[in-house]
$ cat protein_9.txt   # compact mmCIF, C-alpha atoms
# COMPACT_ATOMS: atom_id res chain seq x y z
CA MET A 1 77.78 -154.62 54.01
CA ASP A 2 80.97 -153.79 55.86
CA GLY A 3 80.74 -153.94 59.57
CA SER A 4 82.85 -150.90 60.30
CA PRO A 5 82.34 -149.49 63.77
CA ARG A 6 80.67 -146.29 62.56
CA GLN A 7 77.84 -148.48 61.32
CA SER A 8 77.11 -149.97 64.69
CA PRO A 9 74.77 -147.37 66.20
CA ALA A 10 72.61 -147.30 63.09
CA ARG A 11 72.46 -151.07 63.09
CA GLY A 12 71.43 -150.96 66.70
CA ASN A 13 68.58 -148.61 65.90
CA ALA A 14 67.54 -150.72 62.95
CA LEU A 15 67.43 -153.76 65.16
CA HIS A 16 65.45 -151.87 67.72
CA ARG A 17 62.86 -150.85 65.16
CA PHE A 18 62.48 -154.47 64.23
CA ALA A 19 59.83 -154.76 66.89
CA ASN A 20 57.40 -153.89 64.12
CA PRO A 21 58.76 -156.20 61.42
CA GLY A 22 58.62 -158.92 64.06
CA ARG A 23 54.91 -158.39 64.34
CA PHE A 24 54.64 -158.35 60.56
CA MET A 25 56.42 -161.70 60.43
CA ARG A 26 53.94 -163.26 62.84
CA LEU A 27 50.85 -161.83 61.14
CA SER A 28 51.99 -162.49 57.58
CA GLY A 29 53.03 -166.02 58.50
CA ALA A 30 49.50 -166.72 59.69
CA VAL A 31 47.75 -165.06 56.74
CA LEU A 32 50.01 -166.09 53.85
CA PRO A 33 48.83 -169.72 53.39
CA TRP A 34 45.21 -168.58 53.12
CA VAL A 35 45.97 -165.76 50.72
CA ALA A 36 48.07 -168.09 48.55
CA ALA A 37 45.34 -170.76 48.55
CA LEU A 38 42.71 -168.19 47.50
CA ALA A 39 45.06 -166.93 44.79
CA VAL A 40 45.47 -170.39 43.27
CA LEU A 41 41.80 -171.31 43.64
CA LEU A 42 40.36 -168.09 42.20
CA SER A 43 42.93 -167.72 39.42
CA ALA A 44 42.48 -171.31 38.27
CA THR A 45 38.69 -171.04 38.43
CA GLY A 46 38.58 -167.75 36.55
CA LEU A 47 41.07 -168.80 33.87
CA VAL A 48 39.42 -172.18 33.16
CA TRP A 49 36.04 -170.47 33.18
CA GLY A 50 37.26 -167.92 30.67
CA LEU A 51 39.05 -170.46 28.53
CA VAL A 52 36.39 -173.17 28.42
CA PHE A 53 32.97 -171.93 29.49
CA ALA A 54 32.75 -168.23 28.65
CA PRO A 55 31.06 -167.51 25.33
CA ARG A 56 33.15 -166.29 22.41
CA ASP A 57 32.71 -162.72 21.34
CA TRP A 58 30.53 -162.20 18.27
CA GLN A 59 33.16 -159.94 16.72
CA GLN A 60 36.44 -161.14 18.16
CA GLY A 61 35.72 -164.86 18.31
CA ASP A 62 37.94 -166.83 20.66
CA THR A 63 40.64 -164.16 20.87
CA VAL A 64 38.46 -162.45 23.46
CA ARG A 65 39.63 -165.16 25.89
CA ILE A 66 43.02 -163.45 25.97
CA MET A 67 41.23 -160.72 27.88
CA PHE A 68 40.90 -162.96 30.95
CA VAL A 69 44.68 -162.86 31.32
CA HIS A 70 45.37 -159.44 29.82
CA VAL A 71 42.95 -157.22 31.73
CA PRO A 72 43.52 -158.58 35.28
CA ALA A 73 47.28 -158.41 34.64
CA ALA A 74 46.91 -154.79 33.51
CA TRP A 75 44.94 -153.94 36.66
CA MET A 76 47.61 -155.53 38.82
CA ALA A 77 50.35 -153.73 36.89
CA MET A 78 48.74 -150.38 37.70
CA GLY A 79 47.48 -151.24 41.18
CA GLY A 80 50.90 -152.63 42.01
CA TYR A 81 52.52 -149.36 41.01
CA LEU A 82 50.07 -147.51 43.24
CA GLY A 83 51.22 -149.78 46.08
CA LEU A 84 54.84 -149.10 45.20
CA ALA A 85 54.22 -145.35 45.22
CA LEU A 86 52.40 -145.52 48.58
CA ALA A 87 55.17 -147.61 50.16
CA SER A 88 57.72 -145.14 48.77
CA PHE A 89 55.77 -142.22 50.22
CA VAL A 90 55.69 -143.86 53.67
CA SER A 91 59.39 -144.60 53.31
CA LEU A 92 60.26 -140.99 52.45
CA VAL A 93 58.01 -139.30 55.01
CA TRP A 94 58.20 -141.61 58.01
CA ARG A 95 61.41 -143.48 57.17
CA HIS A 96 59.77 -146.72 58.11
CA PRO A 97 62.14 -149.57 57.20
CA LEU A 98 59.26 -151.94 56.52
CA ALA A 99 58.06 -149.59 53.75
CA ASP A 100 61.42 -149.84 51.99
CA ILE A 101 61.33 -153.60 52.20
CA ALA A 102 57.75 -153.64 50.90
CA ALA A 103 58.67 -151.38 47.98
CA ARG A 104 61.56 -153.67 47.05
CA ALA A 105 59.16 -156.61 47.28
CA ILE A 106 56.49 -155.02 45.08
CA ALA A 107 58.66 -153.87 42.14
CA PRO A 108 59.53 -157.29 40.62
CA ILE A 109 55.95 -158.52 41.04
CA GLY A 110 54.59 -155.43 39.30
CA ALA A 111 57.17 -155.88 36.55
CA VAL A 112 56.02 -159.45 35.92
CA PHE A 113 52.34 -158.46 35.76
CA THR A 114 53.23 -155.60 33.40
CA ALA A 115 55.20 -158.02 31.21
CA ILE A 116 52.19 -160.36 31.11
CA CYS A 117 49.97 -157.42 30.18
CA LEU A 118 52.30 -156.34 27.35
CA VAL A 119 52.86 -159.83 25.92
CA THR A 120 49.21 -160.88 26.02
CA GLY A 121 48.21 -157.51 24.61
CA SER A 122 50.58 -158.08 21.71
CA LEU A 123 49.16 -161.58 21.16
CA TRP A 124 45.68 -160.06 21.12
CA GLY A 125 46.64 -157.15 18.91
CA LYS A 126 48.06 -159.26 16.09
CA PRO A 127 44.81 -161.08 15.17
CA MET A 128 42.50 -158.14 16.00
CA TRP A 129 44.44 -155.06 14.91
CA GLY A 130 46.77 -156.74 12.44
CA THR A 131 49.87 -155.64 14.33
CA TRP A 132 51.87 -156.82 17.33
CA TRP A 133 52.67 -153.34 18.48
CA VAL A 134 51.84 -149.73 17.80
CA TRP A 135 53.47 -146.68 19.39
CA ASP A 136 50.26 -145.13 20.61
CA ALA A 137 49.59 -143.55 23.99
CA ARG A 138 48.18 -146.58 25.83
CA LEU A 139 50.78 -149.10 24.73
CA THR A 140 53.70 -146.71 25.10
CA SER A 141 52.66 -145.55 28.57
CA VAL A 142 52.36 -149.17 29.76
CA LEU A 143 55.80 -149.86 28.33
CA VAL A 144 57.04 -146.86 30.33
CA LEU A 145 55.41 -148.42 33.42
CA PHE A 146 57.41 -151.58 32.77
CA PHE A 147 60.63 -149.55 32.53
CA LEU A 148 59.76 -147.70 35.75
CA TYR A 149 59.50 -151.04 37.54
CA LEU A 150 62.80 -152.17 36.03
CA GLY A 151 64.39 -148.84 36.96
CA HIS A 152 63.22 -149.24 40.55
CA ILE A 153 64.66 -152.75 40.72
CA ALA A 154 67.97 -151.58 39.23
CA LEU A 155 68.21 -148.55 41.52
CA SER A 156 67.32 -150.61 44.61
CA ASN A 157 70.23 -152.93 43.84
CA ALA A 158 72.68 -150.24 42.76
CA PHE A 159 74.10 -149.63 46.24
CA ASP A 160 76.15 -151.94 48.39
CA GLU A 161 74.04 -150.91 51.33
CA GLU A 162 70.36 -151.48 50.79
CA GLU A 163 69.38 -148.66 53.14
CA ARG A 164 71.11 -146.05 50.99
CA ALA A 165 69.18 -147.16 47.90
CA ALA A 166 65.81 -146.65 49.56
CA ARG A 167 65.66 -142.87 49.12
CA PRO A 168 66.51 -142.53 45.42
CA ALA A 169 64.36 -145.56 44.61
CA ALA A 170 61.42 -144.05 46.50
CA ILE A 171 61.82 -140.72 44.67
CA LEU A 172 61.87 -142.54 41.32
CA ALA A 173 58.70 -144.43 42.26
CA LEU A 174 56.88 -141.24 43.29
CA VAL A 175 57.92 -139.26 40.21
CA GLY A 176 56.87 -142.20 38.05
CA ALA A 177 53.40 -142.24 39.60
CA ILE A 178 52.45 -139.43 37.18
CA ASN A 179 52.37 -142.20 34.59
CA LEU A 180 49.35 -143.87 36.23
CA PRO A 181 46.70 -141.29 35.24
CA ILE A 182 48.37 -141.06 31.84
CA ILE A 183 47.84 -144.80 31.33
CA LYS A 184 44.30 -144.68 32.66
CA PHE A 185 43.13 -141.78 30.52
CA SER A 186 45.36 -142.37 27.49
CA VAL A 187 42.47 -144.07 25.71
CA ASP A 188 40.30 -140.98 26.21
CA TRP A 189 42.88 -138.27 25.60
CA TRP A 190 44.50 -139.59 22.46
CA ASN A 191 43.50 -141.52 19.38
CA THR A 192 44.47 -145.12 19.86
CA LEU A 193 43.81 -148.59 18.58
CA HIS A 194 43.18 -149.65 22.15
CA GLN A 195 39.57 -149.77 23.19
CA PRO A 196 38.37 -147.47 25.99
CA ALA A 197 37.50 -148.78 29.45
CA SER A 198 34.57 -151.17 29.38
CA VAL A 199 34.51 -152.42 32.99
CA THR A 200 35.68 -149.53 35.15
CA ARG A 201 33.37 -146.81 34.03
CA PHE A 202 30.72 -144.93 35.88
CA ASP A 203 27.69 -146.28 34.09
CA ALA A 204 27.05 -150.02 33.82
CA PRO A 205 29.95 -152.13 32.53
CA GLY A 206 29.97 -152.41 28.76
CA ILE A 207 30.49 -156.15 28.66
CA HIS A 208 28.13 -159.04 29.06
CA ILE A 209 27.70 -160.67 32.45
CA ASP A 210 28.88 -164.07 31.10
CA ILE A 211 32.22 -162.51 30.23
CA LEU A 212 32.35 -160.14 33.19
CA GLN A 213 32.02 -162.91 35.80
CA PRO A 214 35.12 -164.96 34.87
CA LEU A 215 37.00 -161.70 34.37
CA LEU A 216 36.25 -160.56 37.92
CA VAL A 217 37.03 -164.00 39.39
CA THR A 218 40.41 -164.03 37.64
CA ALA A 219 41.04 -160.45 38.75
CA ALA A 220 40.33 -161.47 42.37
CA GLY A 221 42.70 -164.41 41.96
CA PHE A 222 45.45 -162.16 40.57
CA LEU A 223 44.86 -159.69 43.41
CA PHE A 224 45.36 -162.45 45.99
CA ALA A 225 48.39 -163.68 44.03
CA PHE A 226 49.85 -160.19 44.15
CA ALA A 227 49.17 -159.95 47.88
CA ALA A 228 50.66 -163.38 48.59
CA LEU A 229 53.79 -162.57 46.62
CA VAL A 230 54.20 -159.20 48.35
CA LEU A 231 53.85 -160.86 51.77
CA LEU A 232 56.31 -163.62 50.85
CA ARG A 233 58.90 -161.27 49.36
CA THR A 234 58.56 -158.81 52.24
CA ARG A 235 59.20 -161.67 54.66
CA THR A 236 62.29 -162.52 52.62
CA GLY A 237 63.41 -158.89 52.79
CA ILE A 238 63.02 -158.82 56.57
CA LEU A 239 65.01 -162.04 56.90
CA ASP A 240 67.73 -160.59 54.65
CA CYS A 241 67.88 -157.50 56.88
CA ARG A 242 68.13 -159.65 59.96
CA ALA A 243 70.94 -161.69 58.39
CA ARG A 244 72.84 -158.49 57.54
CA ALA A 245 72.34 -157.15 61.05
CA LEU A 246 73.58 -160.40 62.56
CA MET A 247 76.67 -160.38 60.33
CA ALA A 248 77.33 -156.72 61.14
CA ALA A 249 76.97 -157.40 64.85
CA ARG A 250 79.45 -160.24 64.54
CA ALA A 251 81.91 -158.14 62.56
CA ALA A 252 81.64 -155.33 65.12
CA ASP A 253 82.19 -157.74 67.95
CA PRO A 254 85.27 -159.77 67.05
CA ALA A 255 85.71 -160.77 70.68
CA GLY A 256 83.00 -163.30 70.13
CA ALA A 257 84.78 -164.77 67.15
CA GLY A 258 86.37 -167.48 69.24
CA ALA A 259 84.48 -170.29 70.84
CA PRO A 260 80.75 -169.60 70.78
CA VAL A 261 79.35 -168.87 74.18
CA ALA A 262 76.03 -170.36 74.98
CA VAL A 263 73.58 -167.82 76.29
CA MET B 264 38.96 -186.60 24.48
CA ILE B 265 38.16 -182.92 24.15
CA ASP B 266 36.57 -181.50 21.06
CA PRO B 267 39.39 -180.57 18.63
CA ALA B 268 37.53 -177.35 17.94
CA PHE B 269 38.32 -176.33 21.51
CA TRP B 270 42.06 -176.59 20.89
CA ALA B 271 41.69 -174.74 17.59
CA MET B 272 40.16 -171.71 19.33
CA GLY B 273 38.32 -170.73 16.18
CA GLY B 274 41.60 -170.55 14.25
CA HIS B 275 43.26 -168.32 16.85
CA ALA B 276 45.02 -171.08 18.78
CA ALA B 277 48.41 -169.52 18.01
CA PHE B 278 47.39 -166.42 19.98
CA VAL B 279 45.08 -167.67 22.73
CA TRP B 280 47.19 -170.57 24.01
CA PRO B 281 50.51 -168.70 24.17
CA ALA B 282 48.75 -165.88 26.04
CA TYR B 283 47.57 -168.30 28.73
CA ALA B 284 50.87 -170.23 28.77
CA ILE B 285 52.98 -167.10 29.16
CA GLY B 286 50.66 -165.58 31.77
CA VAL B 287 50.50 -168.69 33.92
CA GLY B 288 54.15 -169.56 33.28
CA LEU B 289 55.48 -166.17 34.37
CA LEU B 290 53.33 -166.13 37.51
CA VAL B 291 54.29 -169.67 38.51
CA GLY B 292 57.93 -168.87 37.78
CA LEU B 293 57.79 -165.76 39.95
CA ALA B 294 56.10 -167.71 42.76
CA VAL B 295 58.73 -170.46 42.63
CA ALA B 296 61.60 -167.96 42.55
CA SER B 297 60.09 -165.99 45.44
CA TRP B 298 59.61 -169.14 47.51
CA ARG B 299 63.19 -170.26 46.86
CA GLY B 300 64.47 -166.86 47.89
CA TYR B 301 62.43 -167.05 51.06
CA VAL B 302 63.68 -170.52 51.95
CA ALA B 303 67.28 -169.44 51.34
CA ALA B 304 66.90 -166.31 53.50
CA ARG B 305 65.27 -168.31 56.28
CA ALA B 306 68.11 -170.83 56.19
CA ALA B 307 70.73 -168.06 56.25
CA VAL B 308 69.20 -166.44 59.33
CA ALA B 309 68.81 -169.78 61.08
CA LYS B 310 72.46 -170.59 60.38
CA LEU B 311 73.66 -167.21 61.69
CA GLU B 312 71.53 -167.48 64.79
CA ALA B 313 72.70 -171.03 65.45
CA GLU B 314 76.35 -170.11 64.94
CA GLY B 315 76.36 -166.93 66.90
CA PRO B 316 74.69 -167.14 70.27
CA ARG B 317 77.19 -164.46 71.31
CA ARG B 318 74.72 -161.67 70.77
CA ARG B 319 75.40 -158.78 73.08
CA ARG B 320 72.45 -156.79 72.11
CA ALA B 321 71.58 -154.42 74.86
CA GLY B 322 74.48 -152.24 75.96
CA SER B 323 77.00 -153.71 73.61
CA GLN B 324 79.33 -150.73 74.12
$ encode --input "protein_9.txt" --output "structure tokens"
Amino acid sequence: MDGSPRQSPARGNALHRFANPGRFMRLSGAVLPWVAALAVLLSATGLVWGLVFAPRDWQQGDTVRIMFVHVPAAWMAMGGYLGLALASFVSLVWRHPLADIAARAIAPIGAVFTAICLVTGSLWGKPMWGTWWVWDARLTSVLVLFFLYLGHIALSNAFDEEERAARPAAILALVGAINLPIIKFSVDWWNTLHQPASVTRFDAPGIHIDILQPLLVTAAGFLFAFAALVLLRTRTGILDCRARALMAARAADPAGAGAPVAV
Amino acid sequence: MIDPAFWAMGGHAAFVWPAYAIGVGLLVGLAVASWRGYVAARAAVAKLEAEGPRRRRAGSQ
């Protein structure tokens, strides 16, 4: 954050490249209210539908309603990590500053969805499996996903200068992406208490339409919620960058420290 | 007003309701925190821009 003179050229370039983030700010500002409204509408509809109107499962009773929170959260936890890995790839290959900001925006959101997935899974496991937790492949690999998100957040904030954190954080995100297929196929590769996929499989979904509908509505709501939060937090990241650039420009230009000159 | 059996969730109220409360609570909490962060960042930039019209962007050397 110091505004030493050697920083100035880089800051200048960063400012120059802000032509693109500027466009992002305009577009995201226009889209965000609609995405957020859809997120609230669809999530509320799907959750109330699942909680009140969906039929109870003939084996699991009312605990099956936990699925309407658990499964969409799990999808967002994994999809979010895919987004984090893609942003990190763009950041490493093309050094696009917006990709760094997006990656920093995604990590905490993914961590929250993963936490929801883990907690609701535990609350579902206790009545159905008789245990809150078991160290099997599916549960452990999702816990690792949670730690990957936390690691990314920690690494992103471990440097005084945000720009220097981007590279190691991006490498962590890409290396961690190997965990995604492990999570996905853990229920097929290893013995586990967790049931195998019942929605995302190649033949027809293995759940009844009355339960599938609220599940998909909630999932759409969570997807829009994820998108709205990424847009909002990316906007915040761009504003933070702009504030740092303005402060650096001021520090590098002490001549202007006196009476402000109107331009 | 609502059937008590609904709140009981077939005897699994202690699991179903916390799952919904924690899920919705964490998401709302994240949304509120994100919005506050955004408002703070917007205010910081506005303050800097208002204070410092002495930008010498192009050709500052």
$ closest_residue --input "protein_9.txt" --among "A:Leu92, A:Ile109, A:Ala102, A:Val217" --to "B:Ala296" --atoms "all atoms listed in the file"
A:Ile109
$ residues_around --input "protein_9.txt" --residues "A:Asn20" --least-positions-apart "6" --cutoff "12 Å" --atoms "only C-alpha atoms" --output "tab-separated table (two decimals) with C-alpha atoms, in the coordinates of the input"
chain	number	residue	atom	x	y	z
A	14	ALA	CA	67.54	-150.72	62.95
A	26	ARG	CA	53.94	-163.26	62.84
A	27	LEU	CA	50.85	-161.83	61.14
A	96	HIS	CA	59.77	-146.72	58.11
A	97	PRO	CA	62.14	-149.57	57.20
A	98	LEU	CA	59.26	-151.94	56.52
A	99	ALA	CA	58.06	-149.59	53.75
A	238	ILE	CA	63.02	-158.82	56.57
$ residues_around --input "protein_9.txt" --residues "B:Val287" --least-positions-apart "3" --cutoff "10 Å" --atoms "only C-alpha atoms" --output "list in words"
Ser43, Ala44, Leu47, Val69 and Ile116 of chain A; Pro281, Ala282, Tyr283, Ala284, Leu290, Val291, Gly292 and Leu293 of chain B
$ interface_residues --input "protein_9.txt" --of "chain B" --to "chain A" --cutoff "9 Å" --atoms "only C-alpha atoms" --output "PyMOL selection string"
chain B and resi 269+272-283+285-287+289-290+293-294+297-298+300-305+307-309+311-312+314-321+323
$ atom_distance --input "protein_9.txt" --atom1 "atom CA of A:Gly29" --atom2 "atom CA of A:Arg164"
28.0 Å
$ residues_around --input "protein_9.txt" --residues "stretch 167-175 of chain A" --least-positions-apart "3" --cutoff "9 Å" --atoms "all atoms listed in the file" --output "ChimeraX atom specification"
/A:81,84-89,91-92,100,103-104,148-149,151-156,163-164,178-179
$ residues_around --input "protein_9.txt" --residues "A:Leu223" --least-positions-apart "6" --cutoff "9 Å" --atoms "all atoms listed in the file" --output "ChimeraX atom specification"
/A:39,72,75-76
$ atom_distance --input "protein_9.txt" --atom1 "atom CA of A:Ala111" --atom2 "atom CA of A:Ser141"
13.8 Å
$ build_atoms --input "protein_9.txt" --residues "stretch 94-107 of chain A" --atoms "N, CA and C atoms" --output "compact mmCIF listing (two decimals), in the coordinates of the input"
# COMPACT_ATOMS: atom_id res chain seq x y z
N TRP A 94 58.05 -141.10 56.64
CA TRP A 94 58.20 -141.61 58.01
C TRP A 94 59.44 -142.47 58.20
N ARG A 95 60.18 -142.70 57.08
CA ARG A 95 61.41 -143.48 57.17
C ARG A 95 61.18 -144.84 57.82
N HIS A 96 60.05 -145.42 57.52
CA HIS A 96 59.77 -146.72 58.11
C HIS A 96 60.49 -147.80 57.32
N PRO A 97 61.36 -148.59 57.97
CA PRO A 97 62.14 -149.57 57.20
C PRO A 97 61.28 -150.63 56.53
N LEU A 98 60.13 -150.93 57.12
CA LEU A 98 59.26 -151.94 56.52
C LEU A 98 58.73 -151.47 55.16
N ALA A 99 58.55 -150.14 55.03
CA ALA A 99 58.06 -149.59 53.75
C ALA A 99 59.09 -149.78 52.65
N ASP A 100 60.37 -149.59 52.98
CA ASP A 100 61.42 -149.84 51.99
C ASP A 100 61.40 -151.29 51.54
N ILE A 101 61.31 -152.16 52.52
CA ILE A 101 61.33 -153.60 52.20
C ILE A 101 60.12 -153.95 51.34
N ALA A 102 58.96 -153.38 51.68
CA ALA A 102 57.75 -153.64 50.90
C ALA A 102 57.90 -153.14 49.47
N ALA A 103 58.49 -151.94 49.33
CA ALA A 103 58.67 -151.38 47.98
C ALA A 103 59.58 -152.28 47.15
N ARG A 104 60.66 -152.75 47.76
CA ARG A 104 61.56 -153.67 47.05
C ARG A 104 60.85 -154.96 46.69
N ALA A 105 59.89 -155.37 47.54
CA ALA A 105 59.16 -156.61 47.28
C ALA A 105 58.18 -156.43 46.13
N ILE A 106 57.56 -155.24 46.05
CA ILE A 106 56.49 -155.02 45.08
C ILE A 106 57.04 -154.92 43.66
N ALA A 107 58.19 -154.23 43.49
CA ALA A 107 58.66 -153.87 42.14
C ALA A 107 58.77 -155.08 41.19
